[in-house]
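> The structure file work14.txt (compact mmCIF, C-alpha atoms) is provided below.
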```txt
# COMPACT_ATOMS: atom_id res chain seq x y z
CA MET N 1 27.20 8.93 6.26
CA SER N 2 23.82 10.61 6.39
CA MET N 3 20.65 8.90 7.60
CA LYS N 4 19.01 9.14 4.18
CA ILE N 5 21.84 7.39 2.33
CA LYS N 6 21.81 4.67 5.00
CA ALA N 7 18.07 4.27 4.45
CA LEU N 8 18.56 4.20 0.68
CA LYS N 9 20.98 1.32 1.04
CA LYS N 10 18.45 -0.71 3.02
CA SER N 11 15.50 -0.08 0.72
CA LEU N 12 16.25 -0.19 -2.99
CA TRP N 13 13.14 -0.03 -5.16
CA VAL N 14 13.88 -1.41 -8.57
CA TYR N 15 12.34 -0.41 -11.88
CA HIS N 16 13.06 -3.02 -14.51
CA LEU N 17 13.68 -1.51 -17.93
CA CYS N 18 14.07 -3.65 -21.00
CA THR N 19 15.77 -1.30 -23.44
CA GLY N 20 14.42 -2.88 -26.59
CA GLY N 21 17.18 -5.20 -27.72
CA SER N 22 16.98 -7.85 -25.03
CA CYS N 23 16.56 -11.57 -25.70
CA ASN N 24 14.59 -11.91 -22.43
CA ASN N 25 17.14 -14.20 -20.81
CA CYS N 26 18.47 -11.56 -18.40
CA ASP N 27 14.88 -10.58 -17.55
CA ILE N 28 14.12 -14.15 -16.51
CA GLU N 29 17.24 -14.23 -14.34
CA ILE N 30 16.15 -10.96 -12.71
CA LEU N 31 12.78 -12.47 -11.86
CA ASP N 32 14.69 -15.36 -10.22
CA LEU N 33 15.84 -12.86 -7.60
CA LEU N 34 12.27 -12.56 -6.32
CA THR N 35 11.74 -16.31 -5.91
CA PRO N 36 12.06 -18.13 -2.55
CA ARG N 37 15.61 -19.30 -3.33
CA TYR N 38 17.11 -15.80 -3.52
CA ASP N 39 14.33 -13.54 -2.07
CA VAL N 40 15.87 -10.08 -2.32
CA GLU N 41 12.96 -8.63 -0.32
CA ARG N 42 15.06 -9.72 2.70
CA PHE N 43 17.28 -6.72 1.85
CA GLY N 44 14.32 -4.42 1.16
CA MET N 45 14.51 -4.65 -2.62
CA VAL N 46 11.15 -4.73 -4.37
CA LEU N 47 10.05 -4.27 -7.96
CA VAL N 48 7.97 -1.12 -8.46
CA GLY N 49 5.70 -0.27 -11.36
CA SER N 50 6.59 3.36 -11.96
CA PRO N 51 9.97 5.03 -12.69
CA ARG N 52 8.99 7.85 -10.29
CA HIS N 53 9.25 5.44 -7.36
CA ALA N 54 12.51 3.87 -8.48
CA ASP N 55 15.89 4.00 -6.77
CA VAL N 56 17.47 1.58 -9.20
CA LEU N 57 17.00 1.48 -12.96
CA LEU N 58 17.78 -2.10 -13.97
CA CYS N 59 18.47 -2.17 -17.71
CA THR N 60 18.81 -5.23 -19.89
CA GLY N 61 19.72 -5.58 -23.56
CA ILE N 62 21.32 -3.23 -26.09
CA VAL N 63 19.69 0.11 -26.76
CA ASN N 64 18.28 0.04 -30.28
CA LYS N 65 17.69 3.11 -32.40
CA LYS N 66 13.96 3.32 -31.68
CA CYS N 67 14.51 3.22 -27.93
CA VAL N 68 17.22 5.87 -27.49
CA ASP N 69 14.81 8.74 -26.78
CA ARG N 70 12.67 6.56 -24.53
CA VAL N 71 15.61 5.40 -22.43
CA LYS N 72 16.79 9.00 -21.99
CA LYS N 73 13.26 10.13 -21.08
CA LEU N 74 12.85 7.31 -18.56
CA TYR N 75 16.15 8.20 -16.93
CA GLU N 76 15.02 11.82 -16.62
CA GLN N 77 11.69 10.71 -15.13
CA THR N 78 13.26 8.87 -12.20
CA ALA N 79 13.50 10.67 -8.88
CA LYS N 80 17.15 11.24 -7.99
CA PRO N 81 19.25 9.78 -6.39
CA CYS N 82 18.89 6.89 -8.81
CA VAL N 83 21.38 4.12 -9.58
CA VAL N 84 21.61 2.73 -13.11
CA VAL N 85 22.56 -0.94 -13.44
CA ALA N 86 23.47 -2.57 -16.76
CA VAL N 87 22.64 -6.27 -16.60
CA GLY N 88 24.13 -8.70 -19.11
CA SER N 89 26.79 -8.53 -21.80
CA CYS N 90 24.50 -6.67 -24.22
CA ALA N 91 23.83 -3.75 -21.87
CA CYS N 92 27.50 -3.61 -20.79
CA SER N 93 29.21 -3.72 -24.18
CA GLY N 94 26.80 -4.65 -26.95
CA GLY N 95 27.51 -8.38 -26.81
CA ILE N 96 26.80 -10.32 -29.99
CA PHE N 97 24.69 -7.42 -31.34
CA ARG N 98 27.59 -4.91 -31.40
CA ASP N 99 27.73 -4.84 -35.23
CA GLY N 100 23.98 -5.03 -35.74
CA TYR N 101 22.22 -2.47 -37.95
CA GLN N 102 19.77 -1.52 -35.15
CA MET N 103 22.49 -0.90 -32.56
CA ALA N 104 22.51 2.61 -31.08
CA GLY N 105 25.28 1.81 -28.64
CA PRO N 106 25.68 0.04 -25.31
CA LEU N 107 23.85 1.61 -22.40
CA ASN N 108 26.71 3.84 -21.18
CA LYS N 109 26.71 5.75 -24.48
CA ILE N 110 23.12 6.85 -23.74
CA ILE N 111 22.84 7.36 -19.95
CA PRO N 112 25.41 7.29 -17.10
CA VAL N 113 25.80 3.73 -15.75
CA ASP N 114 26.89 2.99 -12.17
CA ILE N 115 27.14 -0.80 -12.10
CA TYR N 116 28.04 -3.29 -14.85
CA ILE N 117 27.05 -6.94 -14.40
CA PRO N 118 28.50 -8.95 -17.34
CA GLY N 119 27.35 -12.44 -18.24
CA CYS N 120 25.04 -13.99 -20.77
CA PRO N 121 22.90 -14.08 -18.69
CA PRO N 122 24.53 -13.23 -15.33
CA LYS N 123 23.65 -15.56 -12.47
CA PRO N 124 21.36 -14.20 -9.73
CA GLU N 125 24.29 -14.64 -7.31
CA ALA N 126 26.38 -12.37 -9.54
CA MET N 127 23.70 -9.67 -9.44
CA ILE N 128 23.41 -9.80 -5.65
CA SER N 129 27.20 -9.70 -5.33
CA ALA N 130 27.42 -6.66 -7.64
CA ILE N 131 24.79 -4.76 -5.66
CA VAL N 132 26.52 -5.60 -2.37
CA LYS N 133 29.89 -4.42 -3.68
CA PHE N 134 28.33 -1.18 -4.89
CA LEU N 135 26.55 -0.55 -1.57
CA GLU N 136 29.85 -0.98 0.29
CA LYS N 137 31.36 1.84 -1.75
CA LEU N 138 28.30 4.13 -1.67
CA LYS N 139 28.76 7.17 0.55
CA MET X 140 -9.44 20.14 27.93
CA SER X 141 -7.17 23.03 27.08
CA VAL X 142 -5.99 23.72 23.53
CA PRO X 143 -2.26 22.83 23.98
CA PHE X 144 -3.26 19.52 25.56
CA VAL X 145 -5.49 18.68 22.59
CA ILE X 146 -2.69 19.48 20.15
CA LEU X 147 -0.22 17.39 22.16
CA TYR X 148 -2.75 14.55 22.31
CA PHE X 149 -3.21 14.71 18.54
CA ILE X 150 0.54 14.67 17.87
CA GLY X 151 1.13 11.82 20.33
CA THR X 152 -1.65 9.73 18.80
CA PHE X 153 -0.34 10.48 15.31
CA VAL X 154 3.15 9.23 16.22
CA PHE X 155 1.70 6.13 17.91
CA LEU X 156 -0.53 5.38 14.89
CA SER X 157 2.31 5.87 12.40
CA VAL X 158 4.73 3.61 14.28
CA SER X 159 2.19 0.86 14.90
CA GLY X 160 0.80 1.21 11.36
CA LEU X 161 4.22 0.74 9.79
CA ILE X 162 4.72 -2.34 11.97
CA ALA X 163 1.27 -3.65 10.90
CA MET X 164 2.34 -3.16 7.27
CA TRP X 165 5.49 -5.16 8.05
CA ILE X 166 3.29 -7.96 9.45
CA ASP X 167 1.44 -7.92 6.12
CA ARG X 168 4.69 -8.20 4.14
CA LYS X 169 6.14 -10.85 6.45
CA VAL X 170 3.04 -13.07 6.43
CA THR X 171 2.82 -12.70 2.64
CA ALA X 172 6.46 -13.76 2.36
CA ARG X 173 6.00 -16.76 4.65
CA ILE X 174 2.96 -17.89 2.62
CA GLN X 175 5.12 -17.75 -0.51
CA PHE X 176 7.94 -19.73 1.24
CA ARG X 177 10.18 -16.67 1.37
CA VAL X 178 11.93 -15.11 4.36
CA GLY X 179 10.59 -11.60 4.01
CA PRO X 180 11.89 -8.18 5.08
CA PRO X 181 13.20 -7.28 8.57
CA TRP X 182 10.83 -5.57 11.01
CA TYR X 183 12.20 -2.06 10.43
CA GLN X 184 11.77 -2.25 6.64
CA ASN X 185 8.82 0.15 6.35
CA PHE X 186 10.51 2.74 8.58
CA VAL X 187 13.57 2.60 6.33
CA ASP X 188 11.35 2.95 3.26
CA PHE X 189 9.71 6.05 4.69
CA ILE X 190 13.03 7.68 5.71
CA LYS X 191 14.38 6.95 2.24
CA LEU X 192 11.34 8.56 0.60
CA THR X 193 11.90 11.76 2.61
CA GLY X 194 15.35 12.01 1.04
CA LYS X 195 14.24 11.51 -2.55
CA GLU X 196 13.59 14.20 -5.10
CA VAL X 197 9.96 15.37 -5.41
CA LEU X 198 8.93 15.56 -9.05
CA ILE X 199 5.79 17.46 -10.04
CA PRO X 200 4.66 16.85 -13.62
CA GLU X 201 4.40 19.81 -15.96
CA LYS X 202 0.73 19.19 -16.77
CA ALA X 203 -0.29 18.69 -13.15
CA ASN X 204 -2.46 21.00 -11.10
CA LYS X 205 0.23 21.70 -8.53
CA LEU X 206 -1.97 22.75 -5.60
CA ILE X 207 -4.18 19.65 -5.70
CA PHE X 208 -1.26 17.38 -6.57
CA VAL X 209 0.69 18.46 -3.48
CA SER X 210 -2.21 18.84 -1.06
CA SER X 211 -4.02 15.55 -1.65
CA PRO X 212 -1.37 13.29 0.02
CA ILE X 213 -1.44 15.63 3.02
CA ALA X 214 -5.25 15.48 3.09
CA ALA X 215 -5.11 11.66 3.00
CA LEU X 216 -2.66 11.60 5.90
CA MET X 217 -4.65 14.12 7.95
CA ALA X 218 -7.96 12.30 7.46
CA ALA X 219 -6.44 8.90 8.27
CA SER X 220 -4.79 10.16 11.46
CA LEU X 221 -7.90 12.09 12.52
CA SER X 222 -10.01 8.94 12.16
CA GLY X 223 -7.42 7.15 14.30
CA VAL X 224 -7.63 9.84 16.98
CA ILE X 225 -11.42 9.56 17.14
CA LEU X 226 -11.29 5.76 17.25
CA LEU X 227 -8.76 5.80 20.09
CA LEU X 228 -10.92 8.32 21.99
CA ALA X 229 -13.86 5.93 21.62
CA LEU X 230 -11.67 3.07 22.88
CA LYS X 231 -10.92 5.14 26.00
CA LYS X 232 -14.70 5.43 26.55
CA ILE X 233 -14.85 9.18 25.92
CA GLY X 234 -16.57 8.91 22.54
CA PHE X 235 -19.64 10.92 21.63
CA ALA X 236 -22.99 10.18 19.97
CA GLY X 237 -22.62 9.89 16.21
CA ASP X 238 -18.88 9.21 16.07
CA ILE X 239 -19.53 6.17 13.85
CA ILE X 240 -20.96 8.48 11.18
CA LEU X 241 -17.95 10.78 11.49
CA LEU X 242 -15.61 7.80 11.15
CA VAL X 243 -17.42 6.63 8.00
CA TYR X 244 -16.93 10.08 6.48
CA LEU X 245 -13.27 10.31 7.53
CA LEU X 246 -12.47 6.85 6.18
CA VAL X 247 -13.69 7.90 2.70
CA ILE X 248 -11.37 10.92 2.54
CA PRO X 249 -8.11 8.96 1.88
CA SER X 250 -9.76 7.32 -1.15
CA LEU X 251 -11.06 10.70 -2.33
CA ALA X 252 -7.57 12.15 -1.91
CA ILE X 253 -6.15 9.35 -4.08
CA ILE X 254 -8.81 10.15 -6.70
CA LEU X 255 -8.06 13.90 -6.62
CA GLY X 256 -4.29 13.45 -6.61
CA GLY X 257 -4.31 10.93 -9.41
CA SER X 258 -6.64 12.94 -11.62
CA SER X 259 -4.64 16.14 -11.08
CA SER X 260 -1.39 14.47 -12.17
CA GLY X 261 -2.34 14.53 -15.86
CA ASN X 262 -1.14 10.98 -16.52
CA VAL X 263 -3.17 8.60 -18.69
CA LEU X 264 -2.58 5.49 -16.58
CA ALA X 265 -3.34 7.52 -13.44
CA SER X 266 -6.72 8.49 -14.91
CA VAL X 267 -7.50 4.82 -15.56
CA GLY X 268 -6.60 4.06 -11.95
CA VAL X 269 -8.69 6.99 -10.74
CA SER X 270 -11.76 5.84 -12.66
CA ARG X 271 -11.40 2.38 -11.14
CA GLU X 272 -10.91 3.79 -7.63
CA LEU X 273 -14.00 5.97 -8.08
CA LYS X 274 -16.14 2.98 -9.07
CA LEU X 275 -14.65 0.95 -6.24
CA VAL X 276 -15.53 3.64 -3.66
CA LEU X 277 -19.08 3.77 -5.01
CA SER X 278 -19.39 0.00 -4.84
CA TYR X 279 -17.94 -0.80 -1.41
CA GLU X 280 -19.49 2.09 0.54
CA LEU X 281 -23.06 0.76 0.24
CA PRO X 282 -22.48 -2.71 1.78
CA PHE X 283 -20.09 -1.16 4.32
CA ILE X 284 -22.85 1.16 5.54
CA CYS X 285 -25.25 -1.82 5.69
CA ALA X 286 -22.70 -3.59 7.93
CA ILE X 287 -22.42 -0.53 10.17
CA ILE X 288 -26.21 -0.32 10.50
CA ILE X 289 -26.23 -4.00 11.57
CA ALA X 290 -23.57 -3.25 14.19
CA ALA X 291 -25.47 -0.21 15.42
CA ILE X 292 -28.70 -2.20 15.82
CA LYS X 293 -26.94 -5.15 17.49
CA GLY X 294 -25.05 -2.80 19.80
CA GLY X 295 -28.15 -1.43 21.47
CA SER X 296 -29.50 0.86 18.71
CA THR X 297 -27.01 3.67 19.13
CA THR X 298 -24.57 5.57 16.92
CA SER X 299 -21.93 5.96 19.61
CA LEU X 300 -18.99 3.61 19.20
CA THR X 301 -18.29 3.60 22.95
CA LYS X 302 -21.86 2.55 23.73
CA ILE X 303 -21.76 -0.21 21.11
CA MET X 304 -18.55 -1.52 22.67
CA THR X 305 -19.77 -1.39 26.29
CA TYR X 306 -23.11 -2.96 25.28
CA GLN X 307 -21.28 -5.86 23.64
CA GLN X 308 -18.91 -6.24 26.58
CA SER X 309 -21.86 -6.57 28.96
CA THR X 310 -24.24 -8.73 26.88
CA GLY X 311 -21.94 -10.75 24.58
CA ILE X 312 -20.24 -9.78 21.33
CA SER X 313 -22.41 -9.45 18.26
CA VAL X 314 -20.40 -11.67 15.89
CA PHE X 315 -21.88 -14.72 17.67
CA SER X 316 -25.29 -14.12 16.06
CA ILE X 317 -26.45 -14.66 12.48
CA SER X 318 -26.79 -10.98 11.60
CA GLY X 319 -23.52 -10.20 13.39
CA ILE X 320 -21.55 -12.72 11.36
CA ILE X 321 -23.16 -11.39 8.16
CA GLY X 322 -22.06 -7.87 9.08
CA PHE X 323 -18.53 -9.04 9.96
CA PHE X 324 -18.23 -10.86 6.64
CA ILE X 325 -19.41 -7.81 4.65
CA SER X 326 -17.19 -5.35 6.45
CA ILE X 327 -14.07 -7.51 5.97
CA PHE X 328 -14.59 -7.39 2.19
CA ALA X 329 -15.48 -3.68 2.21
CA LEU X 330 -12.27 -2.88 4.07
CA GLN X 331 -10.34 -5.05 1.64
CA GLY X 332 -11.51 -2.60 -1.02
CA LYS X 333 -10.84 0.42 1.19
CA LEU X 334 -7.24 -0.60 1.88
CA GLY X 335 -6.63 -1.61 -1.74
CA LEU X 336 -5.70 -5.20 -0.88
CA VAL X 337 -5.53 -7.82 -3.56
CA PRO X 338 -8.94 -8.97 -4.74
CA PHE X 339 -9.84 -5.30 -5.06
CA ASP X 340 -6.45 -3.68 -5.74
CA LEU X 341 -7.43 -2.86 -9.33
CA ALA X 342 -7.00 0.86 -8.71
CA GLU X 343 -3.26 0.44 -8.13
CA ALA X 344 -2.65 -2.69 -10.19
CA GLU X 345 1.12 -2.77 -10.64
CA GLY X 346 1.16 -5.18 -13.53
CA GLU X 347 -1.30 -3.49 -15.83
CA ILE X 348 -1.47 0.25 -15.03
CA SER X 349 1.78 0.77 -13.09
CA THR X 350 0.38 1.60 -9.62
CA GLY X 351 -2.44 3.69 -11.14
CA ALA X 352 -3.11 6.91 -9.29
CA PHE X 353 0.31 6.91 -7.58
CA ILE X 354 2.23 6.71 -10.83
CA GLU X 355 3.43 10.34 -10.84
CA TYR X 356 4.09 10.60 -7.10
CA SER X 357 7.65 10.51 -5.86
CA GLY X 358 9.62 11.36 -2.74
CA ILE X 359 7.88 12.57 0.38
CA LEU X 360 4.47 12.90 -1.31
CA LEU X 361 4.48 9.15 -2.01
CA GLY X 362 5.67 8.71 1.58
CA PHE X 363 2.60 10.57 2.87
CA PHE X 364 0.33 8.23 0.90
CA LYS X 365 2.21 5.20 2.28
CA LEU X 366 1.93 6.57 5.83
CA ALA X 367 -1.81 7.22 5.38
CA LYS X 368 -2.22 3.63 4.23
CA ALA X 369 -0.16 2.42 7.19
CA ILE X 370 -2.44 4.30 9.59
CA LEU X 371 -5.48 2.79 7.86
CA TYR X 372 -3.95 -0.64 8.51
CA ILE X 373 -4.47 0.13 12.21
CA VAL X 374 -7.73 2.07 12.04
CA ALA X 375 -9.74 -0.14 9.69
CA PRO X 376 -9.30 -3.54 11.44
CA LEU X 377 -9.68 -1.83 14.83
CA PHE X 378 -12.98 -0.33 13.63
CA ILE X 379 -14.29 -3.82 12.78
CA VAL X 380 -13.08 -5.10 16.16
CA CYS X 381 -15.03 -2.31 17.88
CA LEU X 382 -18.17 -2.89 15.80
CA PHE X 383 -18.47 -6.67 15.83
CA LEU X 384 -15.93 -8.21 18.23
CA GLY X 385 -16.65 -6.15 21.32
CA GLY X 386 -13.73 -3.76 21.05
CA ILE X 387 -10.74 -3.57 23.33
CA SER X 388 -11.18 -2.94 27.04
CA PHE X 389 -8.25 -1.89 29.21
CA ASP X 390 -9.80 -2.86 32.56
CA SER X 391 -7.22 -5.60 33.16
CA VAL X 392 -4.07 -6.86 31.44
CA GLY X 393 -5.79 -10.07 30.30
CA LYS X 394 -8.62 -8.15 28.64
CA GLY X 395 -6.15 -5.82 26.94
CA ILE X 396 -4.16 -8.73 25.47
CA ASN X 397 -7.43 -10.36 24.42
CA GLY X 398 -8.41 -7.18 22.54
CA ILE X 399 -5.06 -6.87 20.80
CA LEU X 400 -5.33 -10.53 19.72
CA LYS X 401 -8.72 -9.72 18.20
CA TYR X 402 -7.07 -6.95 16.16
CA PHE X 403 -4.40 -9.36 14.91
CA LEU X 404 -7.09 -11.92 14.04
CA VAL X 405 -8.87 -9.44 11.75
CA LEU X 406 -5.56 -8.28 10.25
CA VAL X 407 -4.43 -11.83 9.48
CA ILE X 408 -7.83 -12.71 7.97
CA MET X 409 -7.43 -9.75 5.62
CA ILE X 410 -3.85 -10.74 4.73
CA LEU X 411 -4.96 -14.33 4.02
CA ILE X 412 -7.76 -13.13 1.72
CA LYS X 413 -5.18 -10.94 0.01
CA ASN X 414 -2.83 -13.85 -0.60
CA THR X 415 -5.33 -16.45 -1.77
CA ASN X 416 -7.28 -14.47 -4.35
CA PRO X 417 -6.56 -13.12 -7.82
CA ARG X 418 -7.39 -9.55 -8.81
CA VAL X 419 -10.97 -9.09 -10.01
CA ARG X 420 -12.11 -6.86 -12.87
CA ILE X 421 -13.99 -3.66 -12.00
CA ASP X 422 -17.33 -4.99 -13.26
CA GLN X 423 -16.91 -8.15 -11.17
CA ALA X 424 -16.09 -6.04 -8.10
CA PHE X 425 -19.11 -3.81 -8.74
CA LYS X 426 -21.48 -6.77 -9.13
CA PHE X 427 -20.00 -8.51 -6.08
CA PHE X 428 -20.49 -5.47 -3.84
CA TRP X 429 -23.78 -4.09 -5.14
CA ILE X 430 -25.70 -7.28 -5.85
CA LYS X 431 -24.34 -9.99 -3.55
CA LEU X 432 -23.06 -8.09 -0.52
CA THR X 433 -25.75 -5.39 -0.46
CA LEU X 434 -28.48 -8.05 -0.67
CA LEU X 435 -26.76 -9.91 2.14
CA GLY X 436 -26.53 -6.65 4.06
CA ILE X 437 -30.27 -5.97 3.72
CA ILE X 438 -31.02 -9.51 4.92
CA GLY X 439 -28.64 -8.88 7.81
CA ILE X 440 -30.38 -5.64 8.77
CA SER X 441 -33.77 -7.39 8.76
CA LEU X 442 -32.38 -10.21 10.92
CA ALA X 443 -30.85 -7.67 13.29
CA PHE X 444 -34.27 -6.00 13.69
CA LEU X 445 -35.72 -9.43 14.53
CA ARG X 446 -32.96 -9.77 17.20
CA TRP X 447 -31.41 -12.84 15.58
```
Go through the file and emit its structure as structure tokens.

Amino acid sequence: MSMKIKALKKSLWVYHLCTGGSCNNCDIEILDLLTPRYDVERFGMVLVGSPRHADVLLCTGIVNKKCVDRVKKLYEQTAKPCVVVAVGSCACSGGIFRDGYQMAGPLNKIIPVDIYIPGCPPKPEAMISAIVKFLEKLK
Amino acid sequence: MSVPFVILYFIGTFVFLSVSGLIAMWIDRKVTARIQFRVGPPWYQNFVDFIKLTGKEVLIPEKANKLIFVSSPIAALMAASLSGVILLLALKKIGFAGDIILLVYLLVIPSLAIILGGSSSGNVLASVGVSRELKLVLSYELPFICAIIIAAIKGGSTTSLTKIMTYQQSTGISVFSISGIIGFFISIFALQGKLGLVPFDLAEAEGEISTGAFIEYSGILLGFFKLAKAILYIVAPLFIVCLFLGGISFDSVGKGINGILKYFLVLVIMILIKNTNPRVRIDQAFKFFWIKLTLLGIIGISLAFLRW
């Protein structure tokens, strides 16, 4: 394994993207990760303000029709290598909005997704566990 | 001194400053985490961040002026490390007359590089950040220079950093006088603005303008900016220690440890100010620096002339 991939695993900078159709519940659970109880900065994960700095694109909610172009553009703006994580049932499969008129598809119809974290909303423990499992397989 | 020796000296000092600067940045993150009842990152976190940034893709926006966009992070890094080299030379008592003035100039260049880089990137939020950084530079430089004049008068009316340090080491450090404590107070706040720490971090406000001038930077170019900031974490507090707290003398082990503790004292004061204050607006920052601190600085200079 190269030095740079090893470094990437120890320092994931996260850009949090709400893809339009989120009910905000997953977003609140993501913010829980930064609180003293979970404190993901122990593993080098921090929230960054710009997609150019991001190593992880953390997406919540379904992609609605207005946001399709923006999600694609944001994915292109990130500096590669970049991991895309779908958080919550809506981003993974569409959830209760799958038949909605504004639905443009779950996230993996729009951009390639690396990790799926189902749940409505997923627990912070589930998110940490998903990231750890992914990092074990990353080469 | 021969030319290869000078180059080797520069490279060695650069490596030393980078390593110690990244550790100082870790101290900042760790203390911040402990204040917020968190555990915080491990000590090697900033090294890992930098290595990771070298491996990332470098994106240059289509609208950007490529030459300025690429060269400004390098200019920031060069100026920061050069100021560190001159400061360390002064600490070894081989400084020269007027090196304070040179240091003041060199410490402005990283901020100017941020302004140039951000404005060349062609991003709207970056231009907002650049305009704030520009106003911030204008506002904190004036009180900072007042503080330096106080230190120069208290240190035996000289512009050589080495002489100011040796004068204080022989006759007592200048922070234990009224004008000295005024100068120390002013320079702490000015450096807070220079390093972009929280009460004055409005140029790179993450919540409102998405890291401002750095918004388009990625990969190693962002890494250069981070490294320049890390070096400033060493240079800026050490500069205050030299000006007001008598500097660091390496005559004996006890004195050396004493000097390093002084550096940590200034660093922790800055981190505590960072963690206990909200971000100010640009007009508040401008009024604070130009009206309150500059007035205080002028009073301090008068008191220093009266040998108070």
> Taking all atoms listed in the file into account, which residues of chain N are within 8 Å of chain X, as a PyMOL selection string?
chain N and resi 3-5+7-8+10-11+35-37+39+41-44+48-50+52-53+79-81
> CA of Cys285 in chain X and CA of Gly439 in chain X are how many Å apart?
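So the answer is 8.1 Å.
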> Choose the residue, out of X:Ala369, X:Leu334, X:Ile303, X:Ile207, that has the smallest atom-to-atom separation from Trp165 in chain X; count all atoms listed in the file.
X:Ala369
> For the atom pair CA of Phe315 in chain X and CA of Gly234 in chain X, what is the interatomic distance in Å to one decimal place?
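Interatomic distance here is 24.7 Å.
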> May I have the residues within 12 Å of range 390-393 of chain X as a list of chain:residue names, using only C-alpha atoms and disregarding those fewer than 5 positions away in the same chain?
X:Leu230, X:Lys231, X:Lys232, X:Thr305, X:Gln308, X:Gly398, X:Ile399, X:Leu400
> Which is closest to Ser296 in chain X among X:Leu360, X:Ala236, X:Ile162, X:Ile150, if we use only C-alpha atoms?
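For Ser296 in chain X, the nearest of the given residues is X:Ala236.
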> Out of X:Tyr306, X:Ser210, X:Lys368, X:Pro417, which residue has the shortest atom-to-atom distance to Ile292 in chain X when counting only C-alpha atoms?
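Checking each candidate against Ile292 in chain X, we get X:Tyr306 as the closest.
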> What lies within 8 Å of range 428-433 of chain X using all atoms listed in the file, ignoring chain neighbours under 4 positions off, as a list in words?
Ser278, Tyr279, Leu281, Pro282, Cys285, Ile325, Ala424 and Ile437 of chain X
> What would the file look like if the residues just selected were written as a compact mmCIF listing (two decimals), in the frame of the given file with C-alpha atoms?

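Resulting contents of out.txt:
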```txt
# COMPACT_ATOMS: atom_id res chain seq x y z
CA SER X 278 -19.39 0.00 -4.84
CA TYR X 279 -17.94 -0.80 -1.41
CA LEU X 281 -23.06 0.76 0.24
CA PRO X 282 -22.48 -2.71 1.78
CA CYS X 285 -25.25 -1.82 5.69
CA ILE X 325 -19.41 -7.81 4.65
CA ALA X 424 -16.09 -6.04 -8.10
CA ILE X 437 -30.27 -5.97 3.72
```
